[in-house]
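Next comes data.pdb, with PDB, C-alpha atoms (C1' of nucleotides).
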```
ATOM      1  CA  MET A  10     -29.869 236.435 129.851
ATOM      2  CA  THR A  11     -29.706 240.045 128.706
ATOM      3  CA  ALA A  12     -28.296 242.338 131.357
ATOM      4  CA  ILE A  13     -30.674 244.526 133.357
ATOM      5  CA  LYS A  14     -29.936 248.172 133.931
ATOM      6  CA  GLU A  15     -29.844 248.449 137.693
ATOM      7  CA  SER A  16     -30.409 252.197 137.767
ATOM      8  CA  SER A  17     -33.577 252.335 135.703
ATOM      9  CA  THR A  18     -36.789 253.626 137.248
ATOM     10  CA  ARG A  19     -38.471 250.535 135.998
ATOM     11  CA  ASN A  20     -36.090 248.239 137.784
ATOM     12  CA  PHE A  21     -36.323 250.304 140.964
ATOM     13  CA  ASN A  22     -40.104 250.073 140.921
ATOM     14  CA  LYS A  23     -39.931 246.367 140.289
ATOM     15  CA  GLN A  24     -37.606 245.785 143.232
ATOM     16  CA  THR A  25     -39.476 247.936 145.725
ATOM     17  CA  THR A  26     -42.892 246.688 144.674
ATOM     18  CA  ALA A  27     -41.788 243.087 144.988
ATOM     19  CA  ILE A  28     -40.746 243.759 148.572
ATOM     20  CA  SER A  29     -43.923 245.513 149.641
ATOM     21  CA  CYS A  30     -46.373 243.486 147.558
ATOM     22  CA  PRO A  31     -46.125 239.727 147.988
ATOM     23  CA  VAL A  32     -48.354 239.143 144.985
ATOM     24  CA  THR A  33     -45.895 240.973 142.759
ATOM     25  CA  TYR A  34     -43.139 238.955 144.398
ATOM     26  CA  VAL A  35     -44.862 235.768 143.287
ATOM     27  CA  MET A  36     -45.521 237.124 139.830
ATOM     28  CA  ASN A  37     -41.867 237.933 139.356
ATOM     29  CA  LYS A  38     -41.154 234.270 139.995
ATOM     30  CA  ILE A  39     -43.796 232.642 137.854
ATOM     31  CA  GLY A  40     -44.544 235.435 135.375
ATOM     32  CA  GLY A  41     -43.654 235.252 131.718
ATOM     33  CA  HIS A  42     -45.454 232.986 129.327
ATOM     34  CA  TRP A  43     -43.410 229.879 129.792
ATOM     35  CA  LYS A  44     -42.745 229.418 133.485
ATOM     36  CA  PRO A  45     -46.181 228.156 134.507
ATOM     37  CA  ILE A  46     -46.081 225.708 131.631
ATOM     38  CA  ILE A  47     -42.664 224.423 132.589
ATOM     39  CA  LEU A  48     -43.768 224.021 136.184
ATOM     40  CA  TYR A  49     -46.862 222.197 135.017
ATOM     41  CA  HIS A  50     -44.875 219.695 132.990
ATOM     42  CA  LEU A  51     -42.483 219.148 135.880
ATOM     43  CA  SER A  52     -45.290 218.707 138.388
ATOM     44  CA  ASN A  53     -45.939 215.204 137.043
ATOM     45  CA  GLY A  54     -42.412 214.147 137.902
ATOM     46  CA  PRO A  55     -38.820 214.938 136.910
ATOM     47  CA  LYS A  56     -38.045 215.351 133.253
ATOM     48  CA  ARG A  57     -34.970 215.608 131.106
ATOM     49  CA  TYR A  58     -34.175 218.758 129.208
ATOM     50  CA  SER A  59     -34.983 217.126 125.883
ATOM     51  CA  GLU A  60     -38.256 215.759 127.209
ATOM     52  CA  LEU A  61     -39.322 219.252 128.206
ATOM     53  CA  LYS A  62     -38.371 220.550 124.802
ATOM     54  CA  ARG A  63     -40.491 217.906 123.122
ATOM     55  CA  ALA A  64     -43.343 218.494 125.545
ATOM     56  CA  ILE A  65     -43.413 222.221 124.743
ATOM     57  CA  PRO A  66     -42.752 222.375 121.009
ATOM     58  CA  GLN A  67     -43.338 226.143 120.575
ATOM     59  CA  ILE A  68     -40.667 227.183 123.034
ATOM     60  CA  THR A  69     -37.216 227.988 121.706
ATOM     61  CA  GLU A  70     -34.249 226.372 123.411
ATOM     62  CA  LYS A  71     -33.069 229.799 124.442
ATOM     63  CA  MET A  72     -36.297 230.521 126.327
ATOM     64  CA  LEU A  73     -36.414 227.063 127.868
ATOM     65  CA  ILE A  74     -32.905 227.287 129.246
ATOM     66  CA  GLN A  75     -33.343 230.865 130.383
ATOM     67  CA  HIS A  76     -36.507 230.177 132.322
ATOM     68  CA  LEU A  77     -35.138 226.950 133.766
ATOM     69  CA  LYS A  78     -32.173 228.959 135.018
ATOM     70  CA  GLN A  79     -34.383 231.582 136.597
ATOM     71  CA  LEU A  80     -36.542 228.929 138.194
ATOM     72  CA  GLN A  81     -33.385 227.393 139.627
ATOM     73  CA  GLU A  82     -32.278 230.747 141.016
ATOM     74  CA  ASP A  83     -35.681 231.160 142.600
ATOM     75  CA  ASP A  84     -35.358 227.696 144.087
ATOM     76  CA  LEU A  85     -38.486 226.373 142.436
ATOM     77  CA  VAL A  86     -36.722 223.844 140.266
ATOM     78  CA  LEU A  87     -33.766 221.558 140.848
ATOM     79  CA  ARG A  88     -31.222 220.665 138.185
ATOM     80  CA  THR A  89     -29.424 217.357 138.402
ATOM     81  CA  ALA A  90     -26.638 216.658 135.935
ATOM     82  CA  GLU A  91     -24.785 213.430 135.451
ATOM     83  CA  PRO A  92     -21.283 213.887 134.064
ATOM     84  CA  VAL A  93     -21.573 211.645 131.073
ATOM     85  CA  VAL A  94     -21.343 212.233 127.362
ATOM     86  CA  PRO A  95     -23.748 213.023 125.864
ATOM     87  CA  PRO A  96     -25.007 214.950 128.924
ATOM     88  CA  PHE A  97     -27.845 213.633 131.047
ATOM     89  CA  VAL A  98     -29.655 216.432 132.869
ATOM     90  CA  THR A  99     -32.844 216.111 134.867
ATOM     91  CA  TYR A 100     -35.091 218.858 136.170
ATOM     92  CA  SER A 101     -37.532 218.496 139.059
ATOM     93  CA  VAL A 102     -39.582 220.757 141.318
ATOM     94  CA  THR A 103     -38.239 221.660 144.763
ATOM     95  CA  SER A 104     -40.292 221.705 147.953
ATOM     96  CA  ALA A 105     -40.969 225.413 147.477
ATOM     97  CA  GLY A 106     -42.137 224.611 143.973
ATOM     98  CA  THR A 107     -44.392 221.885 145.291
ATOM     99  CA  LYS A 108     -45.952 224.257 147.801
ATOM    100  CA  LEU A 109     -46.745 226.576 144.943
ATOM    101  CA  GLN A 110     -48.883 224.018 143.135
ATOM    102  CA  PRO A 111     -52.090 224.697 145.134
ATOM    103  CA  VAL A 112     -51.733 228.379 144.299
ATOM    104  CA  LEU A 113     -51.364 227.583 140.620
ATOM    105  CA  ASN A 114     -54.390 225.308 140.879
ATOM    106  CA  ALA A 115     -56.461 228.064 142.470
ATOM    107  CA  MET A 116     -55.454 230.363 139.642
ATOM    108  CA  ALA A 117     -56.356 227.727 137.073
ATOM    109  CA  ILE A 118     -59.777 227.169 138.613
ATOM    110  CA  TRP A 119     -60.594 230.858 138.605
ATOM    111  CA  GLY A 120     -59.289 231.158 135.069
ATOM    112  CA  LEU A 121     -61.379 228.280 133.758
ATOM    113  CA  GLU A 122     -64.500 229.601 135.434
ATOM    114  CA  ASP A 123     -63.858 233.078 134.106
ATOM    115  CA  MET A 124     -63.316 231.789 130.572
ATOM    116  CA  GLU A 125     -66.492 229.784 130.730
ATOM    117  CA  GLN A 126     -68.577 232.706 131.958
ATOM    118  CA  ARG A 127     -67.154 234.850 129.223
ATOM    119  CA  ILE A 128     -68.255 232.310 126.613
ATOM    120  CA  ASN A 129     -71.590 231.154 127.999
ATOM    121  CA  GLY A 130     -72.546 234.250 129.912
ATOM    122  CA  PRO A 131     -73.227 234.247 133.659
ATOM    123  CA  LYS A 132     -75.142 231.168 134.780
ATOM    124  CA  LYS A 133     -78.445 231.568 136.583
TER     125      LYS A 133
ATOM    126  CA  MET B   1     -52.077 251.917 124.725
ATOM    127  CA  THR B   2     -49.401 251.145 122.182
ATOM    128  CA  ALA B   3     -50.739 248.986 119.408
ATOM    129  CA  ILE B   4     -49.894 245.289 119.388
ATOM    130  CA  LYS B   5     -48.708 243.613 116.250
ATOM    131  CA  GLU B   6     -51.221 240.872 115.690
ATOM    132  CA  SER B   7     -49.002 238.861 113.404
ATOM    133  CA  SER B   8     -45.982 238.542 115.678
ATOM    134  CA  THR B   9     -44.876 235.135 116.867
ATOM    135  CA  ARG B  10     -44.872 236.506 120.358
ATOM    136  CA  ASN B  11     -48.481 237.573 120.187
ATOM    137  CA  PHE B  12     -49.480 234.275 118.659
ATOM    138  CA  ASN B  13     -47.780 232.362 121.455
ATOM    139  CA  LYS B  14     -49.414 234.600 124.026
ATOM    140  CA  GLN B  15     -52.880 234.030 122.601
ATOM    141  CA  THR B  16     -52.596 230.298 122.175
ATOM    142  CA  THR B  17     -50.954 229.755 125.540
ATOM    143  CA  ALA B  18     -53.632 231.768 127.290
ATOM    144  CA  ILE B  19     -56.265 229.473 125.807
ATOM    145  CA  SER B  20     -54.579 226.222 126.707
ATOM    146  CA  CYS B  21     -53.068 227.307 130.028
ATOM    147  CA  PRO B  22     -55.527 228.858 132.473
ATOM    148  CA  VAL B  23     -52.692 230.057 134.689
ATOM    149  CA  THR B  24     -51.289 232.118 131.836
ATOM    150  CA  TYR B  25     -54.820 233.354 131.190
ATOM    151  CA  VAL B  26     -54.963 234.677 134.739
ATOM    152  CA  MET B  27     -51.494 236.152 134.526
ATOM    153  CA  ASN B  28     -52.425 238.085 131.427
ATOM    154  CA  LYS B  29     -55.180 239.693 133.447
ATOM    155  CA  ILE B  30     -53.342 240.522 136.630
ATOM    156  CA  GLY B  31     -49.748 240.596 135.404
ATOM    157  CA  GLY B  32     -47.673 243.722 135.192
ATOM    158  CA  HIS B  33     -46.375 245.516 138.216
ATOM    159  CA  TRP B  34     -49.338 247.719 138.947
ATOM    160  CA  LYS B  35     -52.477 245.663 138.505
ATOM    161  CA  PRO B  36     -52.276 243.667 141.738
ATOM    162  CA  ILE B  37     -51.621 246.891 143.611
ATOM    163  CA  ILE B  38     -54.575 248.638 142.052
ATOM    164  CA  LEU B  39     -56.803 245.663 142.834
ATOM    165  CA  TYR B  40     -55.532 245.665 146.395
ATOM    166  CA  HIS B  41     -56.379 249.305 146.920
ATOM    167  CA  LEU B  42     -59.819 248.809 145.407
ATOM    168  CA  SER B  43     -60.515 245.719 147.492
ATOM    169  CA  ASN B  44     -61.133 247.927 150.522
ATOM    170  CA  GLY B  45     -63.941 249.712 148.735
ATOM    171  CA  PRO B  46     -64.482 251.976 145.733
ATOM    172  CA  LYS B  47     -62.043 254.785 145.157
ATOM    173  CA  ARG B  48     -61.852 257.855 142.957
ATOM    174  CA  TYR B  49     -59.153 258.155 140.340
ATOM    175  CA  SER B  50     -57.324 260.815 142.311
ATOM    176  CA  GLU B  51     -57.492 258.758 145.493
ATOM    177  CA  LEU B  52     -55.814 255.872 143.717
ATOM    178  CA  LYS B  53     -53.168 258.204 142.399
ATOM    179  CA  ARG B  54     -52.422 259.452 145.896
ATOM    180  CA  ALA B  55     -52.480 255.937 147.294
ATOM    181  CA  ILE B  56     -49.886 254.760 144.762
ATOM    182  CA  PRO B  57     -47.480 257.692 144.474
ATOM    183  CA  GLN B  58     -44.884 255.973 142.262
ATOM    184  CA  ILE B  59     -47.291 255.198 139.444
ATOM    185  CA  THR B  60     -47.523 257.621 136.561
ATOM    186  CA  GLU B  61     -50.964 258.761 135.459
ATOM    187  CA  LYS B  62     -50.336 257.073 132.155
ATOM    188  CA  MET B  63     -49.823 253.684 133.778
ATOM    189  CA  LEU B  64     -52.729 254.116 136.173
ATOM    190  CA  ILE B  65     -55.220 254.950 133.422
ATOM    191  CA  GLN B  66     -53.867 252.277 131.126
ATOM    192  CA  HIS B  67     -54.138 249.496 133.678
ATOM    193  CA  LEU B  68     -57.538 250.675 134.881
ATOM    194  CA  LYS B  69     -58.729 250.463 131.294
ATOM    195  CA  GLN B  70     -57.380 246.973 130.862
ATOM    196  CA  LEU B  71     -58.939 245.884 134.135
ATOM    197  CA  GLN B  72     -62.239 247.260 132.888
ATOM    198  CA  GLU B  73     -61.924 245.359 129.627
ATOM    199  CA  ASP B  74     -61.219 242.210 131.608
ATOM    200  CA  ASP B  75     -64.290 242.911 133.711
ATOM    201  CA  LEU B  76     -62.400 242.993 136.967
ATOM    202  CA  VAL B  77     -63.030 246.646 137.703
ATOM    203  CA  LEU B  78     -66.049 248.871 137.196
ATOM    204  CA  ARG B  79     -65.836 252.531 136.242
ATOM    205  CA  THR B  80     -68.599 254.875 137.288
ATOM    206  CA  ALA B  81     -68.499 258.427 135.978
ATOM    207  CA  GLU B  82     -70.765 261.255 136.980
ATOM    208  CA  PRO B  83     -71.157 263.850 134.231
ATOM    209  CA  VAL B  84     -70.066 266.878 136.190
ATOM    210  CA  VAL B  85     -67.202 269.286 135.814
ATOM    211  CA  PRO B  86     -64.644 268.721 137.105
ATOM    212  CA  PRO B  87     -65.188 264.990 136.455
ATOM    213  CA  PHE B  88     -66.085 262.636 139.282
ATOM    214  CA  VAL B  89     -65.070 259.068 138.492
ATOM    215  CA  THR B  90     -65.199 256.102 140.831
ATOM    216  CA  TYR B  91     -63.599 252.702 140.397
ATOM    217  CA  SER B  92     -64.700 249.524 142.143
ATOM    218  CA  VAL B  93     -64.130 245.783 141.808
ATOM    219  CA  THR B  94     -66.671 243.646 139.974
ATOM    220  CA  SER B  95     -67.935 240.264 141.139
ATOM    221  CA  ALA B  96     -65.280 238.544 139.016
ATOM    222  CA  GLY B  97     -62.703 240.769 140.694
ATOM    223  CA  THR B  98     -64.062 239.844 144.102
ATOM    224  CA  LYS B  99     -63.823 236.146 143.312
ATOM    225  CA  LEU B 100     -60.197 236.707 142.446
ATOM    226  CA  GLN B 101     -59.315 237.990 145.895
ATOM    227  CA  PRO B 102     -58.862 234.538 147.507
ATOM    228  CA  VAL B 103     -56.451 233.634 144.732
ATOM    229  CA  LEU B 104     -54.474 236.807 145.328
ATOM    230  CA  ASN B 105     -54.473 236.029 149.038
ATOM    231  CA  ALA B 106     -53.148 232.534 148.415
ATOM    232  CA  MET B 107     -50.391 234.016 146.315
ATOM    233  CA  ALA B 108     -49.584 236.562 149.009
ATOM    234  CA  ILE B 109     -49.372 233.881 151.690
ATOM    235  CA  TRP B 110     -47.011 231.760 149.645
ATOM    236  CA  GLY B 111     -44.955 234.831 148.786
ATOM    237  CA  LEU B 112     -44.614 235.941 152.392
ATOM    238  CA  GLU B 113     -43.642 232.474 153.504
ATOM    239  CA  ASP B 114     -41.121 232.159 150.710
ATOM    240  CA  MET B 115     -39.576 235.543 151.502
ATOM    241  CA  GLU B 116     -39.285 234.627 155.143
ATOM    242  CA  GLN B 117     -37.632 231.299 154.443
ATOM    243  CA  ARG B 118     -35.217 232.993 152.125
ATOM    244  CA  ILE B 119     -34.205 235.398 154.902
ATOM    245  CA  ASN B 120     -34.263 233.165 157.954
ATOM    246  CA  GLY B 121     -33.514 229.874 156.281
ATOM    247  CA  PRO B 122     -35.816 226.887 156.507
ATOM    248  CA  LYS B 123     -37.400 226.507 159.938
ATOM    249  CA  LYS B 124     -37.008 223.292 161.875
TER     250      LYS B 124
ATOM    251  C1'  DT C  18     -57.864 287.631 133.345
ATOM    252  C1'  DA C  19     -55.147 283.927 135.160
ATOM    253  C1'  DC C  20     -54.882 279.934 137.747
ATOM    254  C1'  DT C  21     -56.644 275.539 139.909
ATOM    255  C1'  DT C  22     -58.979 271.062 139.902
ATOM    256  C1'  DT C  23     -60.179 266.434 137.873
ATOM    257  C1'  DT C  24     -59.771 262.931 134.652
ATOM    258  C1'  DA C  25     -57.806 261.884 131.304
ATOM    259  C1'  DT C  26     -55.108 261.681 126.018
ATOM    260  C1'  DA C  27     -51.035 261.814 122.743
ATOM    261  C1'  DC C  28     -46.409 261.201 121.417
ATOM    262  C1'  DA C  29     -41.656 260.112 122.077
ATOM    263  C1'  DA C  30     -37.980 257.773 124.291
ATOM    264  C1'  DG C  31     -36.024 254.250 127.220
ATOM    265  C1'  DT C  32     -35.852 249.500 128.882
ATOM    266  C1'  DA C  33     -37.033 244.655 129.125
ATOM    267  C1'  DC C  34     -38.588 240.505 127.169
ATOM    268  C1'  DT C  35     -38.808 237.080 123.126
ATOM    269  C1'  DT C  36     -37.538 235.243 119.027
ATOM    270  C1'  DA C  37     -34.310 233.778 115.405
ATOM    271  C1'  DC C  38     -30.254 231.906 114.029
ATOM    272  C1'  DC C  39     -25.618 230.110 114.409
ATOM    273  C1'  DC C  40     -22.152 227.838 117.182
ATOM    274  C1'  DC C  41     -19.768 224.181 120.501
ATOM    275  C1'  DA C  42     -17.920 219.561 122.991
ATOM    276  C1'  DA C  43     -17.190 214.624 123.176
ATOM    277  C1'  DA C  44     -18.532 210.037 122.482
ATOM    278  C1'  DG C  45     -20.835 206.732 119.635
ATOM    279  C1'  DT C  46     -21.895 204.956 115.028
ATOM    280  C1'  DA C  47     -22.166 204.306 109.888
TER     281       DA C  47
ATOM    282  C1'  DT D  11     -14.166 210.568 108.022
ATOM    283  C1'  DA D  12     -18.735 212.340 108.555
ATOM    284  C1'  DC D  13     -22.748 212.549 111.060
ATOM    285  C1'  DT D  14     -25.816 212.183 115.197
ATOM    286  C1'  DT D  15     -27.083 213.076 120.001
ATOM    287  C1'  DT D  16     -27.506 216.070 124.296
ATOM    288  C1'  DG D  17     -27.430 220.213 126.712
ATOM    289  C1'  DG D  18     -26.407 224.136 126.222
ATOM    290  C1'  DG D  19     -23.900 229.542 124.881
ATOM    291  C1'  DG D  20     -23.780 233.981 122.150
ATOM    292  C1'  DT D  21     -25.423 237.766 119.410
ATOM    293  C1'  DA D  22     -28.618 240.442 117.005
ATOM    294  C1'  DA D  23     -33.086 241.861 115.864
ATOM    295  C1'  DG D  24     -37.950 242.424 116.738
ATOM    296  C1'  DT D  25     -41.710 243.458 119.854
ATOM    297  C1'  DA D  26     -43.910 244.840 124.104
ATOM    298  C1'  DC D  27     -43.994 247.298 128.274
ATOM    299  C1'  DT D  28     -42.949 251.602 131.134
ATOM    300  C1'  DT D  29     -41.727 256.108 131.800
ATOM    301  C1'  DG D  30     -41.602 261.153 130.835
ATOM    302  C1'  DT D  31     -43.513 265.198 129.338
ATOM    303  C1'  DA D  32     -46.901 268.097 127.180
ATOM    304  C1'  DT D  33     -51.719 269.028 126.509
ATOM    305  C1'  DA D  34     -57.084 269.519 127.082
ATOM    306  C1'  DA D  35     -62.101 271.078 128.790
ATOM    307  C1'  DA D  36     -65.120 273.460 131.670
ATOM    308  C1'  DA D  37     -66.352 275.396 135.865
ATOM    309  C1'  DG D  38     -64.909 277.691 140.046
ATOM    310  C1'  DT D  39     -61.992 281.147 142.365
ATOM    311  C1'  DA D  40     -58.471 284.864 143.313
TER     312       DA D  40
END
```

Could the structure of this file be written out as structure tokens, please?
Amino acid sequence: MTAIKESSTRNFNKQTTAISCPVTYVMNKIGGHWKPIILYHLSNGPKRYSELKRAIPQITEKMLIQHLKQLQEDDLVLRTAEPVVPPFVTYSVTSAGTKLQPVLNAMAIWGLEDMEQRINGPKK
Amino acid sequence: MTAIKESSTRNFNKQTTAISCPVTYVMNKIGGHWKPIILYHLSNGPKRYSELKRAIPQITEKMLIQHLKQLQEDDLVLRTAEPVVPPFVTYSVTSAGTKLQPVLNAMAIWGLEDMEQRINGPKK
DNA sequence: TACTTTTATACAAGTACTTACCCCAAAGTA
DNA sequence: TACTTTGGGGTAAGTACTTGTATAAAAGTA
């Protein structure tokens, strides 16, 4: 997960901004190219690690695991492992993750509308 | 604005994901640590470049200009320059930027609630 | 003349994020 | 024995994002 240099200006800004700006706080949790997609695939119900991997073919395993871990730390996703061999691990969204869905939907709606206007021009 | 390597896998993923995932599309527009803050300061009315700079002391001029440019390209912010010396430049939000405000608010509300729960624990 | 103000631009260096590739355990199966 | 399956871990390299510092133009002012 590549260590972060605590003392960097960048990191300091990130920390302090996240505290004073709730929007940045949210973006730190769902930013990056893969997290919204993972959350989307999990929103239809729990999925196994390998199902996610198949559902998102472009993602590398490294990225998938890394983001799943971060989403766990942020309490948006729950990991359930059964101690069998081969392993059986299931991921699902938590209640906090569920409450986030309307926000993601609102973003999606704006995004779709914006894309459309950019293609067709503003409607009369 | 540091050139982007068109052929990189990363850039390819970014492009294709933005097309198929409207949430990522939105995040590409308002992601980064400074854009939401700039939009917030502009939401209360137009501001001059130097006013923004004073309002956000931690930001470097480089970052401020860069993000303002990107916001212009994304049609979220409007730049109005009067041809005088010294320059007089005003920034304001466009209609697309205004329509984005409710989304930002929804994010802020979720963020505040999430922060609170994380501090006080879940309420009964 | 020298210095200030405003709105930037250019270049280099530092830091973070992503990708690519190789490795592992333990049980089941051919 | 050799190979497959599942859910990962580790390291290095490539790419993007942020910061830091220097510089500019043209008018006004000390």

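Using all atoms listed in the file, the smallest distance between any of D:DA23, D:DG17, D:DT11, D:DT33 and C:DT35 comes from D:DA23.
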
Which residues of chain D have any atom within 10 Å of an atom in chain B when counting all atoms listed in the file, and what is the closest pair of atoms for each, with the distance in Å to one decimal? Order the rows by chain and rising number and write it as JSON lines.
```
{"residue": "D:DG24", "atom": "C1'", "partner": "B:Ser8", "partner_atom": "CA", "distance": 9.0}
{"residue": "D:DT25", "atom": "C1'", "partner": "B:Arg10", "partner_atom": "CA", "distance": 7.7}
{"residue": "D:DA26", "atom": "C1'", "partner": "B:Ile4", "partner_atom": "CA", "distance": 7.6}
{"residue": "D:DC27", "atom": "C1'", "partner": "B:Gly32", "partner_atom": "CA", "distance": 8.6}
{"residue": "D:DT28", "atom": "C1'", "partner": "B:Met63", "partner_atom": "CA", "distance": 7.7}
{"residue": "D:DT29", "atom": "C1'", "partner": "B:Thr60", "partner_atom": "CA", "distance": 7.7}
{"residue": "D:DG30", "atom": "C1'", "partner": "B:Thr60", "partner_atom": "CA", "distance": 9.0}
{"residue": "D:DA35", "atom": "C1'", "partner": "B:Val85", "partner_atom": "CA", "distance": 8.9}
{"residue": "D:DA36", "atom": "C1'", "partner": "B:Val85", "partner_atom": "CA", "distance": 6.2}
{"residue": "D:DA37", "atom": "C1'", "partner": "B:Val85", "partner_atom": "CA", "distance": 6.2}
{"residue": "D:DG38", "atom": "C1'", "partner": "B:Pro86", "partner_atom": "CA", "distance": 9.4}
```

For the residues selected in the previous step, produce a file with C-alpha atoms (C1' of nucleotides) as a PDB file, in the coordinates of the input.
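This is the output file result.pdb:
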```pdb
ATOM      1  C1'  DG D  24     -37.950 242.424 116.738  1.00  0.00           C
ATOM      2  C1'  DT D  25     -41.710 243.458 119.854  1.00  0.00           C
ATOM      3  C1'  DA D  26     -43.910 244.840 124.104  1.00  0.00           C
ATOM      4  C1'  DC D  27     -43.994 247.298 128.274  1.00  0.00           C
ATOM      5  C1'  DT D  28     -42.949 251.602 131.134  1.00  0.00           C
ATOM      6  C1'  DT D  29     -41.727 256.108 131.800  1.00  0.00           C
ATOM      7  C1'  DG D  30     -41.602 261.153 130.835  1.00  0.00           C
ATOM      8  C1'  DA D  35     -62.101 271.078 128.790  1.00  0.00           C
ATOM      9  C1'  DA D  36     -65.120 273.460 131.670  1.00  0.00           C
ATOM     10  C1'  DA D  37     -66.352 275.396 135.865  1.00  0.00           C
ATOM     11  C1'  DG D  38     -64.909 277.691 140.046  1.00  0.00           C
TER      12       DG D  38
END
```

What does the structure give for the distance between atom CA of B:Ala106 and atom CA of B:Trp34, in Å to one decimal? 18.3 Å

Report as a VMD selection string the residues that result from applying the PyMOL selection byres ((chain A) within 10 of (chain B)) to the structure here. chain A and resid 18 to 19 22 to 23 26 to 46 49 67 to 68 83 to 84 105 108 to 109 111 to 124 126 to 127

Which one is closest to chain A: C:DA25, C:DA19, C:DA30, C:DA42? Count all atoms listed in the file. C:DA42

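Taking atom CA of B:Pro122 and atom CA of A:Thr107 as endpoints, the distance between them is 15.0 Å.
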
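The gap separating atom CA of A:Pro55 from atom C1' of C:DC38 is 29.7 Å, in Å to one decimal.
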
Counting all atoms listed in the file, collect the residues of chain C whose closest atom lies at most 10 Å from chain B, and write them out as an NGL selection string. :C and (22-26 or 35-36)
